[in-house]
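First the structure, in the form of structure tokens, and then the observations on it.
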Amino acid sequence: MTATIAPAVHHNTQALITAIQHNTQSDAIGRFLDSVRWSVLGDYLTSSTLQRGHLLIAQGDHDGRLYFLESGDLKVDMKAPNGQVHLAILGPGSVAGEGGFFTQGARNASVSVFTGCKVWTMTPESFQALSHEHPAVATSLCVALGAVLATRTLDLGKRVAIT
């Protein structure tokens with residue numbers, strides 16, 4: 001028996017695409033993935049509006065979700081033996097969860113909402129559907145996420161902020 005893959009649902013992601021295009025950080029995913037592919041990707045994302053303090057990713061979790069930030073800010077923290085360590089603030093157009101997306105392993109850090117935000121989520125199941133229906137776009141997303149991961153790894157200040 002084969003699993004049925006639900007069809008994509010079209011979402012208006014223009015504000016997300018704009019945020020991604022305007023993000024000028026060295027680890028910005030927009031540097032590696034064009035807006036044409038984003039128009040396809042948007043059909044495999046779900047949006048949430050979240051308030052300050054909401055825990056998006058918990059350090060140690062194994063959920064594999066990927067998050068794209070349309071508006072607001074996310075705070076990345078890590079529990080250390082001597083307490084909580086603040087690692088980064090991610091702004092509009094950023095991606096979070098790239099480490100867990102690839103490894104399906106334990107998250108290295110926690111990500112919470114710093115200022116109210118709109119976040120778009122890609123689940124492992126929606127990525128599977130994207131891979132089945134648009135393999136070239138799925139491959140482009142993986143290459144772009146790999147570039148983000150490599151950029152963050154090479155930047156000593158962001159290396160520990162890979163979630």
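Just so we're on the same page: first chain in the structure tokens is A, next is B, and so on; residues restart at 1 for each chain, and ligands are numbered from 1 in the order they show up.
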
Just list the residues in segment 96-161 of chain A DSSP gives helix (DSSP H, G or I) on the backbone, as a PyMOL selection string. chain A and resi 98-103+124-133+135-154+156-159

Taking a cut-off of 10 Å and counting only C-alpha atoms, can you build a table that, for each residue of segment 3-116 of chain A near segment 138-141 of chain A, reports the nearest atom pair and how far apart they are in Å (one decimal), sorted by chain then residue number, as a tab-separated table?
```
residue	atom	partner	partner_atom	distance
A:Ile29	CA	A:Leu141	CA	9.1
A:Phe32	CA	A:Ser140	CA	8.4
A:Leu33	CA	A:Ser140	CA	6.9
A:Asp34	CA	A:Ser140	CA	9.2
A:Arg37	CA	A:Ser140	CA	8.0
A:Trp38	CA	A:Leu141	CA	9.1
A:Val40	CA	A:Ala138	CA	9.7
A:Leu41	CA	A:Ala138	CA	8.3
```

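Look at segment 84-93 of chain A: the protein and nucleic acid residues within 8 Å of it, using only C-alpha atoms and passing over chain neighbours fewer than 5 places away, are Leu16, Ile17, Thr18, Ala19, Ile20, Gln21, His22, Asn23, Ala28, Ile29, Gly30, Phe68, Leu69, Glu70, Ser71, Gly72, Asp73, Leu74, Lys75, Val76, Asp77, Met78, Lys79, Phe114, Lys158, Val160 and Ala161 of chain A.
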
Quote the spacing between atom CA of Thr153 of chain A and atom CA of Gly99 of chain A in Å to one decimal place. 10.7 Å

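Using only C-alpha atoms, the shortest contact distance between Met122 of chain A and any of A:Leu50, A:Ala109, A:Val36, A:Val95 is found at A:Val95.
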
Measuring atom to atom with only C-alpha atoms, identify which of A:Gln59, A:Ser126, A:Thr13, A:Thr24 is nearest to Asn108 of chain A.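 Of A:Gln59, A:Ser126, A:Thr13, A:Thr24, the one nearest Asn108 of chain A is A:Gln59, counting only C-alpha atoms.
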
Please identify every residue of segment 58-152 of chain A that has at least one atom no farther than 8 Å from an atom of segment 42-47 of chain A, counting only C-alpha atoms, and for each give the shortest atom pair and the distance in Å to one decimal, arranged by chain then increasing number, as a tab-separated table.
```
residue	atom	partner	partner_atom	distance
A:Lys118	CA	A:Ser47	CA	6.8
A:Val119	CA	A:Ser47	CA	5.6
A:Trp120	CA	A:Ser47	CA	4.3
A:Thr121	CA	A:Leu45	CA	5.3
A:Met122	CA	A:Leu45	CA	5.0
A:Thr123	CA	A:Leu45	CA	7.8
A:Ser126	CA	A:Tyr44	CA	5.6
A:Phe127	CA	A:Tyr44	CA	7.2
A:Ala129	CA	A:Tyr44	CA	7.9
A:Leu130	CA	A:Tyr44	CA	6.7
```

Using DSSP on the backbone coordinates, identify all residues within segment 22-107 of chain A classified as strand (DSSP E); present the result as a ChimeraX atom specification. /A:46-50,55-57,66-80,83-90,95-96

Given the selection you just returned, output its residues as a file containing C-alpha atoms, formatted as a compact mmCIF listing (two decimals), in the first residue's frame.
```txt
# COMPACT_ATOMS: atom_id res chain seq x y z
CA THR A 46 1.59 26.92 5.99
CA SER A 47 1.60 30.26 7.77
CA SER A 48 1.24 31.16 11.42
CA THR A 49 1.08 34.49 13.20
CA LEU A 50 2.91 34.15 16.51
CA LEU A 55 8.66 28.60 21.33
CA LEU A 56 9.07 27.62 17.68
CA ILE A 57 11.94 25.15 18.06
CA LEU A 66 11.79 24.24 8.34
CA TYR A 67 10.71 27.83 9.03
CA PHE A 68 10.78 30.95 6.84
CA LEU A 69 10.29 34.30 8.57
CA GLU A 70 8.08 36.82 6.76
CA SER A 71 7.94 39.49 9.46
CA GLY A 72 9.11 40.07 13.02
CA ASP A 73 12.18 38.63 14.72
CA LEU A 74 13.17 35.25 16.10
CA LYS A 75 15.63 34.73 18.96
CA VAL A 76 18.04 31.79 18.92
CA ASP A 77 19.28 30.53 22.32
CA MET A 78 21.15 27.48 23.55
CA LYS A 79 21.18 25.84 26.95
CA ALA A 80 24.74 25.52 28.22
CA GLY A 83 22.90 28.81 31.74
CA GLN A 84 21.13 30.10 28.65
CA VAL A 85 23.34 31.56 25.89
CA HIS A 86 21.88 34.03 23.38
CA LEU A 87 23.16 33.18 19.90
CA ALA A 88 21.34 35.30 17.32
CA ILE A 89 18.36 37.37 16.28
CA LEU A 90 16.91 36.37 12.91
CA VAL A 95 15.28 30.65 7.53
CA ALA A 96 15.43 28.57 10.72
```

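Nearest residue to Ser112 of chain A among A:Gln51, A:Thr151, A:Ser26, A:Ser131 is A:Gln51, counting only C-alpha atoms.
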
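One distance worth recording is that between atom CA of Ala150 of chain A and atom CA of Arg107 of chain A, which is 17.0 Å.
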